[in-house]
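So this block is final15.cif, mmCIF, C-alpha atoms; chains and numbers go by the auth columns:
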```cif
data_entry
#
loop_
_atom_site.group_PDB
_atom_site.id
_atom_site.type_symbol
_atom_site.label_atom_id
_atom_site.label_comp_id
_atom_site.label_asym_id
_atom_site.label_seq_id
_atom_site.Cartn_x
_atom_site.Cartn_y
_atom_site.Cartn_z
_atom_site.B_iso_or_equiv
_atom_site.auth_seq_id
_atom_site.auth_asym_id
ATOM 1 C CA MET A 1 -75.596 28.967 -53.582 0.00 650 A
ATOM 2 C CA ALA A 2 -74.634 30.596 -56.887 0.00 651 A
ATOM 3 C CA LEU A 3 -74.863 27.170 -58.562 0.00 652 A
ATOM 4 C CA LEU A 4 -78.351 26.723 -57.184 0.00 653 A
ATOM 5 C CA ARG A 5 -79.431 30.136 -58.492 0.00 654 A
ATOM 6 C CA ARG A 6 -78.024 29.300 -61.966 0.00 655 A
ATOM 7 C CA ALA A 7 -79.894 25.964 -61.935 0.00 656 A
ATOM 8 C CA VAL A 8 -83.109 27.810 -61.085 0.00 657 A
ATOM 9 C CA ALA A 9 -82.475 30.186 -63.988 0.00 658 A
ATOM 10 C CA ARG A 10 -82.117 27.142 -66.301 0.00 659 A
ATOM 11 C CA ASP A 11 -85.560 25.916 -65.141 0.00 660 A
ATOM 12 C CA ARG A 12 -84.430 22.738 -63.405 0.00 661 A
ATOM 13 C CA ASP A 13 -87.371 21.408 -61.399 0.00 662 A
ATOM 14 C CA ARG A 14 -85.520 19.906 -58.453 0.00 663 A
ATOM 15 C CA GLU A 15 -83.245 22.893 -57.987 0.00 664 A
ATOM 16 C CA GLN A 16 -86.134 25.313 -58.409 0.00 665 A
ATOM 17 C CA HIS A 17 -88.127 23.511 -55.725 0.00 666 A
ATOM 18 C CA ASP A 18 -85.077 23.321 -53.458 0.00 667 A
ATOM 19 C CA MET A 19 -84.431 27.045 -53.871 0.00 668 A
ATOM 20 C CA ALA A 20 -88.071 27.893 -53.109 0.00 669 A
ATOM 21 C CA GLN A 21 -87.910 25.757 -49.951 0.00 670 A
ATOM 22 C CA ARG A 22 -84.654 27.404 -48.861 0.00 671 A
ATOM 23 C CA LEU A 23 -86.058 30.875 -49.474 0.00 672 A
ATOM 24 C CA LEU A 24 -89.192 30.083 -47.461 0.00 673 A
ATOM 25 C CA VAL A 25 -87.219 29.216 -44.337 0.00 674 A
ATOM 26 C CA GLY A 26 -83.919 31.040 -44.879 0.00 675 A
ATOM 27 C CA ASN A 27 -81.831 27.866 -45.097 0.00 676 A
ATOM 28 C CA GLY A 28 -78.439 28.857 -46.530 0.00 677 A
ATOM 29 C CA VAL A 29 -79.901 32.004 -48.079 0.00 678 A
ATOM 30 C CA ALA A 30 -81.616 35.097 -46.796 0.00 679 A
ATOM 31 C CA LYS A 31 -85.265 34.349 -46.115 0.00 680 A
ATOM 32 C CA ASP A 32 -87.343 35.752 -48.985 0.00 681 A
ATOM 33 C CA GLU A 33 -90.915 34.481 -48.950 0.00 682 A
ATOM 34 C CA ALA A 34 -91.971 36.714 -51.855 0.00 683 A
ATOM 35 C CA GLU A 35 -89.238 35.265 -54.103 0.00 684 A
ATOM 36 C CA ALA A 36 -90.098 31.728 -52.967 0.00 685 A
ATOM 37 C CA VAL A 37 -93.763 32.251 -53.859 0.00 686 A
ATOM 38 C CA ARG A 38 -92.722 33.783 -57.211 0.00 687 A
ATOM 39 C CA LEU A 39 -90.660 30.666 -58.002 0.00 688 A
ATOM 40 C CA LEU A 40 -93.512 28.398 -56.981 0.00 689 A
ATOM 41 C CA ARG A 41 -96.011 30.321 -59.133 0.00 690 A
ATOM 42 C CA LEU A 42 -93.626 30.197 -62.109 0.00 691 A
ATOM 43 C CA ALA A 43 -93.243 26.431 -61.765 0.00 692 A
ATOM 44 C CA VAL A 44 -97.009 25.926 -61.357 0.00 693 A
ATOM 45 C CA ALA A 45 -97.576 27.923 -64.546 0.00 694 A
ATOM 46 C CA GLN A 46 -95.271 25.414 -66.239 0.00 695 A
ATOM 47 C CA GLY A 47 -97.518 22.578 -64.987 0.00 696 A
ATOM 48 C CA HIS A 48 -95.341 21.143 -62.215 0.00 697 A
ATOM 49 C CA GLY A 49 -97.632 19.431 -59.710 0.00 698 A
ATOM 50 C CA GLN A 50 -95.203 19.222 -56.796 0.00 699 A
ATOM 51 C CA PHE A 51 -94.993 23.020 -56.789 0.00 700 A
ATOM 52 C CA ALA A 52 -98.790 23.258 -56.904 0.00 701 A
ATOM 53 C CA VAL A 53 -99.028 21.184 -53.712 0.00 702 A
ATOM 54 C CA ARG A 54 -96.593 23.467 -51.869 0.00 703 A
ATOM 55 C CA LEU A 55 -98.166 26.691 -53.141 0.00 704 A
ATOM 56 C CA GLY A 56 -101.625 25.299 -52.361 0.00 705 A
ATOM 57 C CA ALA A 57 -100.559 24.641 -48.775 0.00 706 A
ATOM 58 C CA ILE A 58 -99.238 28.201 -48.474 0.00 707 A
ATOM 59 C CA LEU A 59 -102.483 29.697 -49.771 0.00 708 A
ATOM 60 C CA ASN A 60 -104.666 27.319 -47.756 0.00 709 A
ATOM 61 C CA GLN A 61 -102.904 28.390 -44.549 0.00 710 A
ATOM 62 C CA GLY A 62 -102.345 32.028 -45.452 0.00 711 A
ATOM 63 C CA ALA A 63 -98.597 31.580 -44.923 0.00 712 A
ATOM 64 C CA ALA A 64 -95.446 33.133 -46.420 0.00 713 A
ATOM 65 C CA GLY A 65 -97.009 36.584 -46.520 0.00 714 A
ATOM 66 C CA GLN A 66 -99.866 35.401 -48.743 0.00 715 A
ATOM 67 C CA PRO A 67 -103.526 35.977 -47.930 0.00 716 A
ATOM 68 C CA LYS A 68 -105.538 32.863 -47.103 0.00 717 A
ATOM 69 C CA ASP A 69 -107.312 31.734 -50.284 0.00 718 A
ATOM 70 C CA GLU A 70 -108.947 28.324 -49.946 0.00 719 A
ATOM 71 C CA ALA A 71 -110.521 28.421 -53.422 0.00 720 A
ATOM 72 C CA ALA A 72 -107.121 29.019 -55.044 0.00 721 A
ATOM 73 C CA ALA A 73 -105.612 26.279 -52.871 0.00 722 A
ATOM 74 C CA ALA A 74 -108.305 23.849 -54.046 0.00 723 A
ATOM 75 C CA ARG A 75 -107.536 24.703 -57.699 0.00 724 A
ATOM 76 C CA LEU A 76 -103.831 24.107 -57.109 0.00 725 A
ATOM 77 C CA TYR A 77 -104.464 20.817 -55.313 0.00 726 A
ATOM 78 C CA ARG A 78 -106.728 19.723 -58.184 0.00 727 A
ATOM 79 C CA LEU A 79 -103.956 20.474 -60.703 0.00 728 A
ATOM 80 C CA ALA A 80 -101.521 18.267 -58.798 0.00 729 A
ATOM 81 C CA ALA A 81 -104.156 15.641 -57.896 0.00 730 A
ATOM 82 C CA THR A 82 -105.011 15.087 -61.557 0.00 731 A
ATOM 83 C CA GLN A 83 -101.300 14.471 -62.135 0.00 732 A
ATOM 84 C CA GLY A 84 -101.577 11.582 -59.654 0.00 733 A
ATOM 85 C CA MET A 85 -99.906 13.182 -56.641 0.00 734 A
ATOM 86 C CA PRO A 86 -101.238 11.494 -53.457 0.00 735 A
ATOM 87 C CA ASP A 87 -100.504 14.477 -51.164 0.00 736 A
ATOM 88 C CA ALA A 88 -102.617 16.708 -53.393 0.00 737 A
ATOM 89 C CA GLN A 89 -105.363 14.068 -53.581 0.00 738 A
ATOM 90 C CA VAL A 90 -105.521 13.891 -49.781 0.00 739 A
ATOM 91 C CA ASN A 91 -105.555 17.688 -49.440 0.00 740 A
ATOM 92 C CA LEU A 92 -108.259 18.102 -52.090 0.00 741 A
ATOM 93 C CA GLY A 93 -110.280 15.320 -50.452 0.00 742 A
ATOM 94 C CA ARG A 94 -110.072 17.108 -47.115 0.00 743 A
ATOM 95 C CA MET A 95 -111.237 20.363 -48.687 0.00 744 A
ATOM 96 C CA TYR A 96 -114.295 18.581 -50.130 0.00 745 A
ATOM 97 C CA SER A 97 -114.892 16.823 -46.826 0.00 746 A
ATOM 98 C CA MET A 98 -114.795 20.062 -44.843 0.00 747 A
ATOM 99 C CA GLY A 99 -116.260 22.389 -47.486 0.00 748 A
ATOM 100 C CA GLU A 100 -113.149 24.595 -47.553 0.00 749 A
ATOM 101 C CA GLY A 101 -112.694 26.470 -50.833 0.00 750 A
ATOM 102 C CA VAL A 102 -115.211 24.151 -52.519 0.00 751 A
ATOM 103 C CA GLU A 103 -118.767 23.092 -51.789 0.00 752 A
ATOM 104 C CA ARG A 104 -118.843 20.310 -49.182 0.00 753 A
ATOM 105 C CA ASN A 105 -119.178 16.981 -50.957 0.00 754 A
ATOM 106 C CA PRO A 106 -118.263 13.844 -48.944 0.00 755 A
ATOM 107 C CA GLU A 107 -118.613 11.573 -51.984 0.00 756 A
ATOM 108 C CA GLU A 108 -116.118 13.686 -53.945 0.00 757 A
ATOM 109 C CA ALA A 109 -113.856 13.683 -50.887 0.00 758 A
ATOM 110 C CA ALA A 110 -114.045 9.889 -50.777 0.00 759 A
ATOM 111 C CA ARG A 111 -113.176 9.704 -54.482 0.00 760 A
ATOM 112 C CA TRP A 112 -109.952 11.703 -53.943 0.00 761 A
ATOM 113 C CA TYR A 113 -109.076 9.825 -50.736 0.00 762 A
ATOM 114 C CA ARG A 114 -109.594 6.529 -52.570 0.00 763 A
ATOM 115 C CA MET A 115 -107.212 7.612 -55.357 0.00 764 A
ATOM 116 C CA ALA A 116 -104.573 8.599 -52.790 0.00 765 A
ATOM 117 C CA ALA A 117 -105.073 5.337 -50.892 0.00 766 A
ATOM 118 C CA GLN A 118 -104.608 3.358 -54.118 0.00 767 A
ATOM 119 C CA ARG A 119 -101.275 5.136 -54.534 0.00 768 A
ATOM 120 C CA GLY A 120 -100.209 4.007 -51.050 0.00 769 A
ATOM 121 C CA SER A 121 -101.105 7.098 -49.008 0.00 770 A
ATOM 122 C CA ALA A 122 -101.737 6.210 -45.374 0.00 771 A
ATOM 123 C CA LEU A 123 -103.574 9.528 -44.879 0.00 772 A
ATOM 124 C CA GLY A 124 -105.783 8.734 -47.865 0.00 773 A
ATOM 125 C CA GLN A 125 -106.613 5.373 -46.300 0.00 774 A
ATOM 126 C CA GLN A 126 -107.243 6.907 -42.878 0.00 775 A
ATOM 127 C CA ASN A 127 -109.494 9.688 -44.137 0.00 776 A
ATOM 128 C CA LEU A 128 -111.417 7.305 -46.414 0.00 777 A
ATOM 129 C CA ALA A 129 -111.980 5.027 -43.410 0.00 778 A
ATOM 130 C CA VAL A 130 -113.385 7.953 -41.413 0.00 779 A
ATOM 131 C CA LEU A 131 -115.850 8.851 -44.177 0.00 780 A
ATOM 132 C CA THR A 132 -116.795 5.214 -44.698 0.00 781 A
ATOM 133 C CA ARG A 133 -117.400 4.665 -40.993 0.00 782 A
ATOM 134 C CA ASN A 134 -119.669 7.714 -40.969 0.00 783 A
ATOM 135 C CA GLY A 135 -121.559 6.488 -44.014 0.00 784 A
ATOM 136 C CA GLU A 136 -120.415 9.479 -46.084 0.00 785 A
ATOM 137 C CA ALA A 137 -118.240 7.683 -48.621 0.00 786 A
ATOM 138 C CA GLY A 138 -120.980 7.064 -51.174 0.00 787 A
ATOM 139 C CA THR A 139 -121.608 3.584 -52.449 0.00 788 A
ATOM 140 C CA VAL A 140 -118.678 1.798 -50.873 0.00 789 A
ATOM 141 C CA ALA A 141 -119.595 -1.809 -50.108 0.00 790 A
ATOM 142 C CA ASP A 142 -119.636 -2.615 -46.406 0.00 791 A
ATOM 143 C CA PRO A 143 -118.064 -6.064 -45.978 0.00 792 A
ATOM 144 C CA VAL A 144 -119.401 -6.352 -42.427 0.00 793 A
ATOM 145 C CA ALA A 145 -122.998 -5.855 -43.602 0.00 794 A
ATOM 146 C CA GLU A 146 -122.567 -8.674 -46.130 0.00 795 A
ATOM 147 C CA ARG A 147 -121.716 -11.322 -43.495 0.00 796 A
ATOM 148 C CA PRO A 148 -124.426 -13.230 -41.664 0.00 797 A
ATOM 149 C CA ARG A 149 -124.671 -11.985 -38.105 0.00 798 A
ATOM 150 C CA ARG A 150 -124.204 -14.172 -35.119 0.00 799 A
ATOM 151 C CA GLY A 151 -127.502 -15.006 -33.516 0.00 800 A
ATOM 152 C CA GLU A 152 -129.595 -14.570 -36.652 0.00 801 A
ATOM 153 C CA GLY A 153 -132.168 -17.288 -37.005 0.00 802 A
ATOM 154 C CA ARG A 154 -132.010 -18.304 -33.343 0.00 803 A
ATOM 155 C CA GLY A 155 -134.808 -16.334 -31.802 0.00 804 A
ATOM 156 C CA GLY A 156 -133.264 -13.584 -29.657 0.00 805 A
ATOM 157 C CA GLY A 157 -131.062 -12.026 -32.316 0.00 806 A
ATOM 158 C CA ARG A 158 -133.642 -11.862 -35.130 0.00 807 A
ATOM 159 C CA ALA A 159 -135.286 -8.597 -34.109 0.00 808 A
ATOM 160 C CA MET A 160 -131.946 -6.844 -33.645 0.00 809 A
ATOM 161 C CA ALA A 161 -130.595 -8.271 -36.920 0.00 810 A
ATOM 162 C CA ALA A 162 -133.729 -7.119 -38.750 0.00 811 A
ATOM 163 C CA GLN A 163 -132.906 -3.592 -37.550 0.00 812 A
ATOM 164 C CA GLY A 164 -129.410 -3.927 -38.996 0.00 813 A
ATOM 165 C CA ARG A 165 -127.648 -4.413 -35.647 0.00 814 A
ATOM 166 C CA PRO A 166 -125.859 -7.473 -34.349 0.00 815 A
ATOM 167 C CA SER A 167 -127.627 -8.974 -31.373 0.00 816 A
ATOM 168 C CA GLY A 168 -126.651 -7.562 -28.012 0.00 817 A
ATOM 169 C CA LEU A 169 -125.675 -4.118 -29.280 0.00 818 A
ATOM 170 C CA ARG A 170 -127.693 -0.990 -28.588 0.00 819 A
ATOM 171 C CA GLU A 171 -128.270 1.654 -31.188 0.00 820 A
ATOM 172 C CA ARG A 172 -126.206 4.814 -30.721 0.00 821 A
ATOM 173 C CA ASP A 173 -126.400 8.271 -32.176 0.00 822 A
ATOM 174 C CA PRO A 174 -123.657 8.600 -34.850 0.00 823 A
ATOM 175 C CA ALA A 175 -123.643 12.431 -34.776 0.00 824 A
ATOM 176 C CA PRO A 176 -121.047 12.882 -31.970 0.00 825 A
ATOM 177 C CA ALA A 177 -118.657 10.410 -33.604 0.00 826 A
ATOM 178 C CA ARG A 178 -119.134 12.046 -37.021 0.00 827 A
ATOM 179 C CA ALA A 179 -118.331 15.478 -35.568 0.00 828 A
ATOM 180 C CA GLN A 180 -115.213 14.101 -33.855 0.00 829 A
ATOM 181 C CA ASP A 181 -114.115 12.347 -37.057 0.00 830 A
ATOM 182 C CA GLN A 182 -114.454 15.556 -39.092 0.00 831 A
ATOM 183 C CA ARG A 183 -112.012 17.203 -36.682 0.00 832 A
ATOM 184 C CA THR A 184 -109.545 14.319 -37.087 0.00 833 A
ATOM 185 C CA LEU A 185 -109.309 14.359 -40.888 0.00 834 A
ATOM 186 C CA VAL A 186 -105.705 14.968 -41.793 0.00 835 A
ATOM 187 C CA SER A 187 -104.047 16.733 -44.706 0.00 836 A
ATOM 188 C CA HIS A 188 -100.527 17.305 -45.914 0.00 837 A
ATOM 189 C CA GLY A 189 -99.291 20.814 -45.239 0.00 838 A
#
```

Could the structure of this file be written out as structure tokens, please?
Amino acid sequence: MALLRRAVARDRDREQHDMAQRLLVGNGVAKDEAEAVRLLRLAVAQGHGQFAVRLGAILNQGAAGQPKDEAAAARLYRLAATQGMPDAQVNLGRMYSMGEGVERNPEEAARWYRMAAQRGSALGQQNLAVLTRNGEAGTVADPVAERPRRGEGRGGGRAMAAQGRPSGLRERDPAPARAQDQRTLVSHG
């Protein structure tokens, strides 16, 4: 443990993060949430995105003895997201999607989810799919809408196709599904 503390003092990223994690849960050291948060804040001030994600999660949840501060969490996620960290991109996207700590903006949420998805994040892909299905992802092309529909041009399906629905399907209210989908958006914590 003394080696780990010396590594933290020398400003080694990995060791500093490891020590903060250990202090948060009391793994091999006495649990000290205040010291863990201090280490995380120090590393964030030095521009380390991975620490910003962890500290953002703490502030977003009001954990480790810290008051809940969604606006500060959003700023921290943005710092890490602009450094290309998919976890932060997903978390920032969720905050925009839900209007937590920032003004609700589904198109901005979709932008962050898309970036995370392009970096291989399954949660980014999942959350982008939810917004797209609800029509909240901005100007994302809908490949299904581009295909000719079965039954078009053969009498019975024309009226339904003209309304934007494949023949044989009834229109449904998207509001209940949209509300359910908002509850299922996932973030890293």

- Item | Nearest-residue call for Tyr745 of chain A, choices A:Ala683, A:Ala722, A:Leu689, A:Ala706, using only C-alpha atoms | A:Ala722

- Query: What is the atom CA of Gln738 of chain A to atom CA of Asn709 of chain A distance in Å?
  - Reply: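 Computed distance, atom CA of Gln738 of chain A to atom CA of Asn709 of chain A, equals 14.5 Å.
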
- Query: What is the distance, in Å and to one decimal place, between atom CA of Pro735 of chain A and atom CA of Arg782 of chain A?
  - Reply: 21.5 Å

- Task: Using all atoms listed in the file, pick whichever of A:Gln774, A:Ser746, A:Glu684, A:Met668 has the shortest atom-to-atom distance to Gly714 of chain A.
- Result: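 When distances to Gly714 of chain A are compared using all atoms listed in the file, the smallest one comes from A:Glu684.
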
- Identify which of the residues A:Gly769, A:Gly705, A:Gly748, A:Gly742 lies closest to Ala786 of chain A, counting only C-alpha atoms when measuring atom-to-atom distances.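 Among the listed residues, A:Gly742 lies closest to Ala786 of chain A.
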
- Query: Any idea what the distance is between atom CA of Glu757 of chain A and atom CA of Ala721 of chain A?
  - Reply: 17.8 Å

- Which is closer to Ala771 of chain A than all the others in A:Gly784, A:Arg690, A:Leu741, A:Asp736, using all atoms listed in the file? A:Asp736

- Task: Return the single residue from A:Trp761, A:Leu691, A:His666, A:Asn676 that is closest to Arg703 of chain A, with distances computed using all atoms listed in the file.
- Result: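 Result for the nearest residue to Arg703 of chain A: A:His666.
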
- Task: Tell me which of A:Asp667, A:Asp718, A:Asp681, A:Asp662 sits closest to Gly698 of chain A, counting only C-alpha atoms.
- Result: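 The shortest atom-to-atom distance to Gly698 of chain A comes from A:Asp662.
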
- Task: Evaluate the PyMOL selection byres ((chain A and resi 729) around 9) on the structure here and hand back the selected residues as a PyMOL selection string.
- Result: chain A and resi 696-702+724-728+730-738
